[in-house]
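Listing of run05.cif, mmCIF, N, CA and C atoms
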data_coords
#
loop_
_atom_site.label_atom_id
_atom_site.label_comp_id
_atom_site.auth_asym_id
_atom_site.auth_seq_id
_atom_site.Cartn_x
_atom_site.Cartn_y
_atom_site.Cartn_z
N MET Z 1 14.05 -28.56 39.02
CA MET Z 1 13.02 -28.47 38.00
C MET Z 1 12.42 -27.07 37.93
N LYS Z 2 12.18 -26.49 39.11
CA LYS Z 2 11.60 -25.16 39.18
C LYS Z 2 12.54 -24.13 38.53
N LYS Z 3 13.82 -24.28 38.76
CA LYS Z 3 14.82 -23.37 38.20
C LYS Z 3 14.82 -23.47 36.66
N TYR Z 4 14.68 -24.68 36.13
CA TYR Z 4 14.63 -24.91 34.68
C TYR Z 4 13.43 -24.19 34.06
N ILE Z 5 12.29 -24.26 34.70
CA ILE Z 5 11.08 -23.60 34.19
C ILE Z 5 11.25 -22.09 34.20
N ILE Z 6 11.82 -21.56 35.27
CA ILE Z 6 12.04 -20.11 35.36
C ILE Z 6 13.01 -19.65 34.27
N ILE Z 7 14.07 -20.40 34.05
CA ILE Z 7 15.05 -20.05 33.02
C ILE Z 7 14.41 -20.11 31.63
N THR Z 8 13.62 -21.15 31.37
CA THR Z 8 12.96 -21.31 30.07
C THR Z 8 11.96 -20.18 29.82
N VAL Z 9 11.13 -19.88 30.78
CA VAL Z 9 10.15 -18.80 30.64
C VAL Z 9 10.86 -17.46 30.46
N SER Z 10 11.93 -17.24 31.22
CA SER Z 10 12.69 -15.99 31.09
C SER Z 10 13.31 -15.87 29.70
N PHE Z 11 13.83 -16.97 29.18
CA PHE Z 11 14.42 -16.96 27.85
C PHE Z 11 13.39 -16.57 26.79
N PHE Z 12 12.22 -17.21 26.83
CA PHE Z 12 11.19 -16.90 25.84
C PHE Z 12 10.64 -15.49 26.00
N LEU Z 13 10.55 -15.00 27.21
CA LEU Z 13 10.12 -13.62 27.45
C LEU Z 13 11.15 -12.65 26.88
N PHE Z 14 12.42 -12.91 27.11
CA PHE Z 14 13.51 -12.08 26.58
C PHE Z 14 13.49 -12.11 25.04
N LEU Z 15 13.29 -13.27 24.46
CA LEU Z 15 13.23 -13.41 23.01
C LEU Z 15 12.04 -12.63 22.44
N PHE Z 16 10.89 -12.74 23.07
CA PHE Z 16 9.69 -12.02 22.64
C PHE Z 16 9.92 -10.51 22.70
N MET Z 17 10.51 -10.03 23.77
CA MET Z 17 10.79 -8.59 23.90
C MET Z 17 11.79 -8.13 22.84
N GLY Z 18 12.76 -8.98 22.52
CA GLY Z 18 13.73 -8.65 21.47
C GLY Z 18 13.05 -8.48 20.11
N VAL Z 19 12.11 -9.35 19.80
CA VAL Z 19 11.37 -9.25 18.54
C VAL Z 19 10.57 -7.96 18.50
N ILE Z 20 9.92 -7.62 19.59
CA ILE Z 20 9.13 -6.38 19.66
C ILE Z 20 10.02 -5.16 19.45
N VAL Z 21 11.14 -5.10 20.16
CA VAL Z 21 12.05 -3.97 20.03
C VAL Z 21 12.59 -3.88 18.61
N PHE Z 22 12.96 -5.01 18.02
CA PHE Z 22 13.49 -5.03 16.65
C PHE Z 22 12.46 -4.47 15.67
N ASN Z 23 11.20 -4.87 15.82
CA ASN Z 23 10.16 -4.39 14.92
C ASN Z 23 9.84 -2.92 15.11
N ILE Z 24 10.02 -2.41 16.29
CA ILE Z 24 9.80 -0.98 16.53
C ILE Z 24 10.89 -0.15 15.86
N PHE Z 25 12.14 -0.57 15.99
CA PHE Z 25 13.24 0.20 15.46
C PHE Z 25 13.53 -0.09 13.99
N TYR Z 26 13.11 -1.22 13.49
CA TYR Z 26 13.33 -1.60 12.09
C TYR Z 26 12.03 -2.05 11.44
N PRO Z 27 11.12 -1.10 11.19
CA PRO Z 27 9.85 -1.49 10.57
C PRO Z 27 10.06 -1.96 9.13
N ARG Z 28 9.12 -2.70 8.63
CA ARG Z 28 9.18 -3.24 7.28
C ARG Z 28 7.94 -2.85 6.50
N VAL Z 29 8.05 -2.91 5.18
CA VAL Z 29 6.92 -2.65 4.30
C VAL Z 29 5.93 -3.80 4.49
N ASP Z 30 4.67 -3.45 4.66
CA ASP Z 30 3.63 -4.46 4.84
C ASP Z 30 2.41 -4.04 4.03
N ILE Z 31 2.22 -4.64 2.86
CA ILE Z 31 1.12 -4.28 1.96
C ILE Z 31 0.01 -5.31 2.12
N TYR Z 32 -1.19 -4.83 2.47
CA TYR Z 32 -2.34 -5.71 2.61
C TYR Z 32 -3.19 -5.74 1.34
N ASP Z 33 -3.27 -4.62 0.67
CA ASP Z 33 -4.12 -4.51 -0.52
C ASP Z 33 -3.55 -5.34 -1.67
N THR Z 34 -4.40 -5.70 -2.61
CA THR Z 34 -3.95 -6.52 -3.75
C THR Z 34 -4.02 -5.77 -5.07
N LYS Z 35 -4.58 -4.58 -5.09
CA LYS Z 35 -4.69 -3.80 -6.32
C LYS Z 35 -3.82 -2.56 -6.23
N ALA Z 36 -2.97 -2.40 -7.25
CA ALA Z 36 -2.08 -1.24 -7.29
C ALA Z 36 -2.51 -0.30 -8.41
N SER Z 37 -2.18 0.96 -8.24
CA SER Z 37 -2.39 1.94 -9.30
C SER Z 37 -1.08 2.67 -9.55
N LEU Z 38 -0.93 3.14 -10.76
CA LEU Z 38 0.29 3.81 -11.20
C LEU Z 38 -0.03 5.27 -11.49
N THR Z 39 0.85 6.16 -11.06
CA THR Z 39 0.74 7.59 -11.37
C THR Z 39 2.04 8.04 -12.00
N TYR Z 40 1.91 8.68 -13.17
CA TYR Z 40 3.08 9.24 -13.85
C TYR Z 40 2.66 10.58 -14.44
N VAL Z 41 2.97 11.64 -13.72
CA VAL Z 41 2.66 13.00 -14.18
C VAL Z 41 3.99 13.72 -14.32
N TYR Z 42 4.42 13.87 -15.57
CA TYR Z 42 5.72 14.48 -15.84
C TYR Z 42 5.71 15.07 -17.25
N ASN Z 43 6.20 16.29 -17.36
CA ASN Z 43 6.20 17.01 -18.63
C ASN Z 43 4.81 17.00 -19.25
N ASP Z 44 4.67 16.46 -20.45
CA ASP Z 44 3.38 16.49 -21.15
C ASP Z 44 2.53 15.25 -20.89
N LYS Z 45 2.96 14.37 -20.00
CA LYS Z 45 2.22 13.13 -19.73
C LYS Z 45 1.52 13.20 -18.39
N SER Z 46 0.28 12.72 -18.38
CA SER Z 46 -0.49 12.65 -17.15
C SER Z 46 -1.20 11.30 -17.14
N ILE Z 47 -0.53 10.32 -16.57
CA ILE Z 47 -1.02 8.94 -16.60
C ILE Z 47 -1.41 8.52 -15.19
N LYS Z 48 -2.64 8.10 -15.04
CA LYS Z 48 -3.13 7.53 -13.78
C LYS Z 48 -3.97 6.33 -14.16
N THR Z 49 -3.50 5.13 -13.78
CA THR Z 49 -4.19 3.93 -14.20
C THR Z 49 -4.10 2.83 -13.16
N GLN Z 50 -5.10 1.95 -13.19
CA GLN Z 50 -5.11 0.77 -12.34
C GLN Z 50 -4.26 -0.30 -13.01
N LEU Z 51 -3.41 -0.97 -12.26
CA LEU Z 51 -2.56 -2.01 -12.81
C LEU Z 51 -3.30 -3.35 -12.83
N THR Z 52 -2.81 -4.26 -13.65
CA THR Z 52 -3.41 -5.60 -13.71
C THR Z 52 -3.14 -6.34 -12.41
N ASP Z 53 -3.90 -7.40 -12.18
CA ASP Z 53 -3.69 -8.22 -10.98
C ASP Z 53 -2.27 -8.78 -10.96
N GLU Z 54 -1.78 -9.21 -12.12
CA GLU Z 54 -0.44 -9.78 -12.22
C GLU Z 54 0.63 -8.74 -11.87
N GLU Z 55 0.49 -7.53 -12.42
CA GLU Z 55 1.45 -6.45 -12.12
C GLU Z 55 1.39 -6.05 -10.65
N SER Z 56 0.17 -5.97 -10.13
CA SER Z 56 0.00 -5.62 -8.71
C SER Z 56 0.68 -6.64 -7.81
N LEU Z 57 0.48 -7.92 -8.10
CA LEU Z 57 1.10 -8.97 -7.30
C LEU Z 57 2.62 -8.92 -7.40
N LEU Z 58 3.13 -8.68 -8.60
CA LEU Z 58 4.58 -8.59 -8.80
C LEU Z 58 5.17 -7.44 -7.99
N LEU Z 59 4.54 -6.27 -8.04
CA LEU Z 59 5.03 -5.11 -7.28
C LEU Z 59 4.91 -5.35 -5.77
N LYS Z 60 3.85 -5.99 -5.37
CA LYS Z 60 3.68 -6.32 -3.95
C LYS Z 60 4.82 -7.22 -3.48
N GLU Z 61 5.19 -8.20 -4.31
CA GLU Z 61 6.30 -9.09 -3.96
C GLU Z 61 7.63 -8.34 -3.90
N ILE Z 62 7.81 -7.37 -4.80
CA ILE Z 62 9.05 -6.59 -4.81
C ILE Z 62 9.16 -5.70 -3.57
N PHE Z 63 8.06 -5.03 -3.19
CA PHE Z 63 8.09 -4.05 -2.11
C PHE Z 63 7.93 -4.68 -0.72
N ASN Z 64 7.11 -5.72 -0.61
CA ASN Z 64 6.76 -6.26 0.69
C ASN Z 64 7.97 -6.78 1.46
N ASN Z 65 7.93 -6.53 2.75
CA ASN Z 65 8.91 -7.04 3.72
C ASN Z 65 10.29 -6.38 3.61
N LYS Z 66 10.41 -5.29 2.88
CA LYS Z 66 11.68 -4.56 2.81
C LYS Z 66 11.82 -3.74 4.09
N LYS Z 67 13.06 -3.64 4.57
CA LYS Z 67 13.33 -2.84 5.77
C LYS Z 67 13.26 -1.36 5.43
N LEU Z 68 12.48 -0.63 6.20
CA LEU Z 68 12.37 0.82 6.03
C LEU Z 68 13.46 1.50 6.84
N ARG Z 69 14.09 2.48 6.24
CA ARG Z 69 15.18 3.20 6.88
C ARG Z 69 14.92 4.70 6.82
N THR Z 70 15.44 5.39 7.83
CA THR Z 70 15.45 6.85 7.79
C THR Z 70 16.74 7.22 7.08
N ASP Z 71 16.61 8.00 6.03
CA ASP Z 71 17.77 8.30 5.20
C ASP Z 71 17.55 9.68 4.58
N ASN Z 72 18.51 10.13 3.81
CA ASN Z 72 18.39 11.38 3.09
C ASN Z 72 19.07 11.22 1.73
N PRO Z 73 18.51 10.35 0.87
CA PRO Z 73 19.16 10.12 -0.43
C PRO Z 73 19.04 11.33 -1.34
N SER Z 74 19.97 11.45 -2.27
CA SER Z 74 19.97 12.59 -3.19
C SER Z 74 19.05 12.36 -4.38
N CYS Z 75 18.44 11.18 -4.47
CA CYS Z 75 17.51 10.89 -5.57
C CYS Z 75 16.27 11.77 -5.41
N GLY Z 76 15.65 12.12 -6.52
CA GLY Z 76 14.42 12.90 -6.46
C GLY Z 76 13.21 11.99 -6.33
N PHE Z 77 12.26 12.38 -5.48
CA PHE Z 77 11.03 11.61 -5.28
C PHE Z 77 9.83 12.53 -5.35
N THR Z 78 8.75 12.04 -5.93
CA THR Z 78 7.51 12.79 -5.97
C THR Z 78 6.35 11.81 -6.09
N GLU Z 79 5.21 12.19 -5.52
CA GLU Z 79 4.01 11.35 -5.65
C GLU Z 79 3.50 11.34 -7.09
N ASN Z 80 4.02 12.23 -7.93
CA ASN Z 80 3.64 12.24 -9.34
C ASN Z 80 4.26 11.08 -10.11
N ILE Z 81 5.26 10.43 -9.53
CA ILE Z 81 5.88 9.23 -10.12
C ILE Z 81 5.80 8.18 -9.02
N SER Z 82 4.69 7.43 -8.99
CA SER Z 82 4.48 6.54 -7.85
C SER Z 82 3.59 5.34 -8.19
N ILE Z 83 3.64 4.39 -7.28
CA ILE Z 83 2.77 3.22 -7.28
C ILE Z 83 2.01 3.27 -5.96
N SER Z 84 0.70 3.09 -6.01
CA SER Z 84 -0.10 3.14 -4.79
C SER Z 84 -0.85 1.84 -4.57
N PHE Z 85 -0.84 1.40 -3.33
CA PHE Z 85 -1.69 0.32 -2.87
C PHE Z 85 -2.59 0.96 -1.83
N ASN Z 86 -3.80 1.32 -2.26
CA ASN Z 86 -4.75 2.01 -1.40
C ASN Z 86 -4.12 3.28 -0.85
N ASP Z 87 -3.85 3.37 0.47
CA ASP Z 87 -3.29 4.59 1.04
C ASP Z 87 -1.77 4.56 1.17
N LEU Z 88 -1.12 3.50 0.72
CA LEU Z 88 0.35 3.43 0.72
C LEU Z 88 0.87 3.91 -0.63
N VAL Z 89 1.62 5.02 -0.61
CA VAL Z 89 2.14 5.60 -1.84
C VAL Z 89 3.65 5.38 -1.89
N PHE Z 90 4.08 4.60 -2.88
CA PHE Z 90 5.49 4.28 -3.06
C PHE Z 90 6.05 5.17 -4.16
N CYS Z 91 6.84 6.15 -3.76
CA CYS Z 91 7.43 7.08 -4.73
C CYS Z 91 8.73 6.46 -5.25
N ILE Z 92 8.80 6.31 -6.56
CA ILE Z 92 9.95 5.71 -7.21
C ILE Z 92 10.98 6.82 -7.47
N ALA Z 93 12.26 6.53 -7.24
CA ALA Z 93 13.30 7.52 -7.50
C ALA Z 93 13.24 7.95 -8.96
N CYS Z 94 13.27 9.25 -9.19
CA CYS Z 94 13.12 9.78 -10.55
C CYS Z 94 14.36 9.58 -11.41
N ASP Z 95 15.49 9.33 -10.77
CA ASP Z 95 16.70 9.02 -11.55
C ASP Z 95 16.81 7.50 -11.63
N ASP Z 96 18.00 6.97 -11.66
CA ASP Z 96 18.17 5.51 -11.79
C ASP Z 96 18.46 4.82 -10.46
N CYS Z 97 18.31 5.51 -9.35
CA CYS Z 97 18.58 4.91 -8.04
C CYS Z 97 17.58 3.79 -7.75
N PRO Z 98 18.05 2.68 -7.20
CA PRO Z 98 17.13 1.60 -6.83
C PRO Z 98 16.57 1.81 -5.42
N ILE Z 99 16.00 3.00 -5.21
CA ILE Z 99 15.47 3.37 -3.89
C ILE Z 99 14.01 3.79 -4.06
N VAL Z 100 13.20 3.43 -3.08
CA VAL Z 100 11.78 3.77 -3.09
C VAL Z 100 11.47 4.49 -1.77
N LYS Z 101 10.63 5.51 -1.85
CA LYS Z 101 10.23 6.27 -0.66
C LYS Z 101 8.81 5.89 -0.28
N LEU Z 102 8.60 5.63 1.00
CA LEU Z 102 7.28 5.37 1.55
C LEU Z 102 7.11 6.26 2.76
N GLY Z 103 6.26 7.26 2.65
CA GLY Z 103 6.11 8.23 3.74
C GLY Z 103 7.39 9.01 3.90
N LYS Z 104 7.97 8.97 5.09
CA LYS Z 104 9.23 9.67 5.36
C LYS Z 104 10.40 8.69 5.45
N LYS Z 105 10.18 7.45 5.02
CA LYS Z 105 11.22 6.43 5.09
C LYS Z 105 11.53 5.92 3.68
N TYR Z 106 12.64 5.21 3.58
CA TYR Z 106 13.13 4.72 2.30
C TYR Z 106 13.51 3.26 2.40
N PHE Z 107 13.51 2.57 1.25
CA PHE Z 107 14.03 1.22 1.19
C PHE Z 107 14.65 0.98 -0.17
N LYS Z 108 15.58 0.03 -0.21
CA LYS Z 108 16.27 -0.30 -1.45
C LYS Z 108 15.62 -1.51 -2.11
N ILE Z 109 15.67 -1.52 -3.43
CA ILE Z 109 15.28 -2.69 -4.20
C ILE Z 109 16.47 -3.07 -5.08
N SER Z 110 16.48 -4.27 -5.57
CA SER Z 110 17.60 -4.70 -6.42
C SER Z 110 17.52 -4.00 -7.77
N LYS Z 111 18.62 -4.02 -8.51
CA LYS Z 111 18.62 -3.41 -9.84
C LYS Z 111 17.66 -4.12 -10.78
N SER Z 112 17.55 -5.43 -10.66
CA SER Z 112 16.61 -6.16 -11.53
C SER Z 112 15.17 -5.82 -11.17
N ASP Z 113 14.89 -5.63 -9.87
CA ASP Z 113 13.55 -5.19 -9.47
C ASP Z 113 13.27 -3.78 -9.96
N ARG Z 114 14.28 -2.94 -9.94
CA ARG Z 114 14.14 -1.57 -10.46
C ARG Z 114 13.79 -1.62 -11.95
N GLU Z 115 14.45 -2.50 -12.69
CA GLU Z 115 14.16 -2.65 -14.12
C GLU Z 115 12.73 -3.13 -14.35
N THR Z 116 12.25 -4.03 -13.50
CA THR Z 116 10.87 -4.51 -13.58
C THR Z 116 9.89 -3.36 -13.37
N VAL Z 117 10.15 -2.54 -12.35
CA VAL Z 117 9.29 -1.38 -12.07
C VAL Z 117 9.29 -0.44 -13.28
N GLU Z 118 10.48 -0.17 -13.83
CA GLU Z 118 10.56 0.72 -15.00
C GLU Z 118 9.80 0.15 -16.19
N GLN Z 119 9.84 -1.16 -16.39
CA GLN Z 119 9.12 -1.78 -17.51
C GLN Z 119 7.61 -1.61 -17.35
N ILE Z 120 7.12 -1.70 -16.12
CA ILE Z 120 5.69 -1.48 -15.89
C ILE Z 120 5.33 -0.03 -16.21
N PHE Z 121 6.14 0.92 -15.79
CA PHE Z 121 5.89 2.32 -16.13
C PHE Z 121 5.94 2.52 -17.64
N LYS Z 122 6.92 1.91 -18.29
CA LYS Z 122 7.08 2.05 -19.75
C LYS Z 122 5.86 1.52 -20.49
N LYS Z 123 5.28 0.41 -20.01
CA LYS Z 123 4.09 -0.17 -20.64
C LYS Z 123 2.95 0.85 -20.72
N TYR Z 124 2.86 1.71 -19.72
CA TYR Z 124 1.77 2.69 -19.67
C TYR Z 124 2.18 4.09 -20.16
N GLY Z 125 3.42 4.21 -20.67
CA GLY Z 125 3.84 5.47 -21.26
C GLY Z 125 4.84 6.28 -20.43
N GLY Z 126 5.25 5.77 -19.29
CA GLY Z 126 6.20 6.48 -18.44
C GLY Z 126 7.64 6.12 -18.85
N SER Z 127 8.58 6.97 -18.49
CA SER Z 127 9.99 6.70 -18.79
C SER Z 127 10.87 7.29 -17.69
N PHE Z 128 12.05 6.72 -17.58
CA PHE Z 128 13.05 7.18 -16.60
C PHE Z 128 14.35 7.45 -17.35
N PRO Z 129 15.19 8.34 -16.88
CA PRO Z 129 15.00 9.23 -15.74
C PRO Z 129 13.99 10.33 -16.05
N CYS Z 130 13.41 10.88 -15.02
CA CYS Z 130 12.42 11.95 -15.17
C CYS Z 130 12.70 13.04 -14.15
N VAL Z 131 13.89 13.60 -14.27
CA VAL Z 131 14.31 14.66 -13.32
C VAL Z 131 14.39 16.00 -14.00
#

Any chance you could put this one into structure tokens?
Amino acid sequence: MKKYIIITVSFFLFLFMGVIVFNIFYPRVDIYDTKASLTYVYNDKSIKTQLTDEESLLLKEIFNNKKLRTDNPSCGFTENISISFNDLVFCIACDDCPIVKLGKKYFKISKSDRETVEQIFKKYGGSFPCV
């Protein structure tokens, strides 16, 4: 019986440590805020606006829980073309790549999610590509 308890406790300890290590090496997007703002400063347009609750929730669902990766994509990124949730700035690829930059890391979104993001920008006067 004692051996069974030691094996069980060891298993759960090993599992817990595995989860910790996985989260350290593979962080994910975690958005706490519920209000998003859009920035689109390109050519003759300078748009900075607060998004609706519905749009904010939709973008939060698209971005949240995505795996962040260290990468070096050839897509162009700038904070002038971005979505912000408080201090988290999500730079949208300026071309048609379905990639988003957060800090020094990147994550992919689906093509349909990319189209949704572009439609939100279009509603406020933004357009892609903007390179």

Would you translate the PyMOL selection byres ((chain Z and resi 31) around 8) into the concrete set of residues it matches in this file, as a list in words?
-> Arg28, Val29, Asp30, Tyr32, Asp33, Thr34, Lys60, Phe63, Asn64, Asn65, Phe85 and Leu88 of chain Z

Keeping N, CA and C atoms for every residue in the selection just given, could you write it to a file as a tab-separated table (two decimals), in the coordinates of the input?
chain	number	residue	atom	x	y	z
Z	28	ARG	N	9.12	-2.70	8.63
Z	28	ARG	CA	9.18	-3.24	7.28
Z	28	ARG	C	7.94	-2.85	6.50
Z	29	VAL	N	8.05	-2.91	5.18
Z	29	VAL	CA	6.92	-2.65	4.30
Z	29	VAL	C	5.93	-3.80	4.49
Z	30	ASP	N	4.67	-3.45	4.66
Z	30	ASP	CA	3.63	-4.46	4.84
Z	30	ASP	C	2.41	-4.04	4.03
Z	32	TYR	N	-1.19	-4.83	2.47
Z	32	TYR	CA	-2.34	-5.71	2.61
Z	32	TYR	C	-3.19	-5.74	1.34
Z	33	ASP	N	-3.27	-4.62	0.67
Z	33	ASP	CA	-4.12	-4.51	-0.52
Z	33	ASP	C	-3.55	-5.34	-1.67
Z	34	THR	N	-4.40	-5.70	-2.61
Z	34	THR	CA	-3.95	-6.52	-3.75
Z	34	THR	C	-4.02	-5.77	-5.07
Z	60	LYS	N	3.85	-5.99	-5.37
Z	60	LYS	CA	3.68	-6.32	-3.95
Z	60	LYS	C	4.82	-7.22	-3.48
Z	63	PHE	N	8.06	-5.03	-3.19
Z	63	PHE	CA	8.09	-4.05	-2.11
Z	63	PHE	C	7.93	-4.68	-0.72
Z	64	ASN	N	7.11	-5.72	-0.61
Z	64	ASN	CA	6.76	-6.26	0.69
Z	64	ASN	C	7.97	-6.78	1.46
Z	65	ASN	N	7.93	-6.53	2.75
Z	65	ASN	CA	8.91	-7.04	3.72
Z	65	ASN	C	10.29	-6.38	3.61
Z	85	PHE	N	-0.84	1.40	-3.33
Z	85	PHE	CA	-1.69	0.32	-2.87
Z	85	PHE	C	-2.59	0.96	-1.83
Z	88	LEU	N	-1.12	3.50	0.72
Z	88	LEU	CA	0.35	3.43	0.72
Z	88	LEU	C	0.87	3.91	-0.63

Give as a PDB file with N, CA and C atoms, keeping the file's coordinate frame every residue, naming chains and numbers as the document does, that has an atom within 7 Å of (3.5, 6.8, -4.7), counting all atoms listed in the file.
ATOM      1  N   THR Z  39       0.850   6.160 -11.060  1.00  0.00           N
ATOM      2  CA  THR Z  39       0.740   7.590 -11.370  1.00  0.00           C
ATOM      3  C   THR Z  39       2.040   8.040 -12.000  1.00  0.00           C
ATOM      4  N   THR Z  78       8.750  12.040  -5.930  1.00  0.00           N
ATOM      5  CA  THR Z  78       7.510  12.790  -5.970  1.00  0.00           C
ATOM      6  C   THR Z  78       6.350  11.810  -6.090  1.00  0.00           C
ATOM      7  N   GLU Z  79       5.210  12.190  -5.520  1.00  0.00           N
ATOM      8  CA  GLU Z  79       4.010  11.350  -5.650  1.00  0.00           C
ATOM      9  C   GLU Z  79       3.500  11.340  -7.090  1.00  0.00           C
ATOM     10  N   ASN Z  80       4.020  12.230  -7.930  1.00  0.00           N
ATOM     11  CA  ASN Z  80       3.640  12.240  -9.340  1.00  0.00           C
ATOM     12  C   ASN Z  80       4.260  11.080 -10.110  1.00  0.00           C
ATOM     13  N   ILE Z  81       5.260  10.430  -9.530  1.00  0.00           N
ATOM     14  CA  ILE Z  81       5.880   9.230 -10.120  1.00  0.00           C
ATOM     15  C   ILE Z  81       5.800   8.180  -9.020  1.00  0.00           C
ATOM     16  N   SER Z  82       4.690   7.430  -8.990  1.00  0.00           N
ATOM     17  CA  SER Z  82       4.480   6.540  -7.850  1.00  0.00           C
ATOM     18  C   SER Z  82       3.590   5.340  -8.190  1.00  0.00           C
ATOM     19  N   ILE Z  83       3.640   4.390  -7.280  1.00  0.00           N
ATOM     20  CA  ILE Z  83       2.770   3.220  -7.280  1.00  0.00           C
ATOM     21  C   ILE Z  83       2.010   3.270  -5.960  1.00  0.00           C
ATOM     22  N   SER Z  84       0.700   3.090  -6.010  1.00  0.00           N
ATOM     23  CA  SER Z  84      -0.100   3.140  -4.790  1.00  0.00           C
ATOM     24  C   SER Z  84      -0.850   1.840  -4.570  1.00  0.00           C
ATOM     25  N   LEU Z  88      -1.120   3.500   0.720  1.00  0.00           N
ATOM     26  CA  LEU Z  88       0.350   3.430   0.720  1.00  0.00           C
ATOM     27  C   LEU Z  88       0.870   3.910  -0.630  1.00  0.00           C
ATOM     28  N   VAL Z  89       1.620   5.020  -0.610  1.00  0.00           N
ATOM     29  CA  VAL Z  89       2.140   5.600  -1.840  1.00  0.00           C
ATOM     30  C   VAL Z  89       3.650   5.380  -1.890  1.00  0.00           C
ATOM     31  N   PHE Z  90       4.080   4.600  -2.880  1.00  0.00           N
ATOM     32  CA  PHE Z  90       5.490   4.280  -3.060  1.00  0.00           C
ATOM     33  C   PHE Z  90       6.050   5.170  -4.160  1.00  0.00           C
ATOM     34  N   CYS Z  91       6.840   6.150  -3.760  1.00  0.00           N
ATOM     35  CA  CYS Z  91       7.430   7.080  -4.730  1.00  0.00           C
ATOM     36  C   CYS Z  91       8.730   6.460  -5.250  1.00  0.00           C
ATOM     37  N   ILE Z  92       8.800   6.310  -6.560  1.00  0.00           N
ATOM     38  CA  ILE Z  92       9.950   5.710  -7.210  1.00  0.00           C
ATOM     39  C   ILE Z  92      10.980   6.820  -7.470  1.00  0.00           C
ATOM     40  N   LYS Z 101      10.630   5.510  -1.850  1.00  0.00           N
ATOM     41  CA  LYS Z 101      10.230   6.270  -0.660  1.00  0.00           C
ATOM     42  C   LYS Z 101       8.810   5.890  -0.280  1.00  0.00           C
TER      43      LYS Z 101
END

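Residue nearest Glu115 (chain Z), chosen from Z:Ala36, Z:Ile99, Z:Val131, Z:Ile47 and counting only C-alpha atoms: Z:Ile99.
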
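Of the residues under consideration (Z:Tyr4, Z:Asn43, Z:Leu59, Z:Leu68), Z:Leu59 shows the shortest atom-to-atom contact distance to Thr116 (chain Z) when counting only N, CA and C atoms.
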
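Using only N, CA and C atoms, the smallest distance between any of Z:Cys130, Z:Val117, Z:Ile109, Z:Val41 and Asp95 (chain Z) comes from Z:Cys130.
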
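In this structure, CA of Lys123 (chain Z) sits 17.2 Å away from CA of Lys35 (chain Z).
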
Output the residue selection produced by the PyMOL selection byres (((chain Z and resi 52 and name CA) around 12) and name CA) on the file above, formatted as a PyMOL selection string.
-> chain Z and resi 34-38+49-51+53-59+120+123-124

Test item, strand (DSSP E or B) assignment across chain Z, answer as a PyMOL selection string = chain Z and resi 28+37-42+45-50+67+69+81-85+88-92+99-102+105-108

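Taking CA of Gly126 (chain Z) and CA of Lys45 (chain Z) as endpoints, the distance between them is 7.9 Å.
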
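Counting only C-alpha atoms, Asp71 (chain Z) has the following residues at most 9 Å away, ignoring those fewer than 3 positions along the same chain: Lys104, Lys105, Tyr106 and Phe107 of chain Z.
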
Which of chain Z DSSP labels alpha helix (DSSP H), written as a VMD selection string | chain Z and resid 2 to 25 53 to 63 111 to 123

Kindly compute an axis-aligned box around the listed atoms of region 118-124 of chain Z, allowing 6 Å on each side, and express its centre and edge lengths in Å to one decimal as lines of an AutoDock Vina configuration file.
center_x = 6.2
center_y = 1.2
center_z = -17.3
size_x = 20.8
size_y = 17.9
size_z = 18.9

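As for atom N of Pro129 (chain Z) and CA of Leu102 (chain Z), they are spaced 20.3 Å apart.
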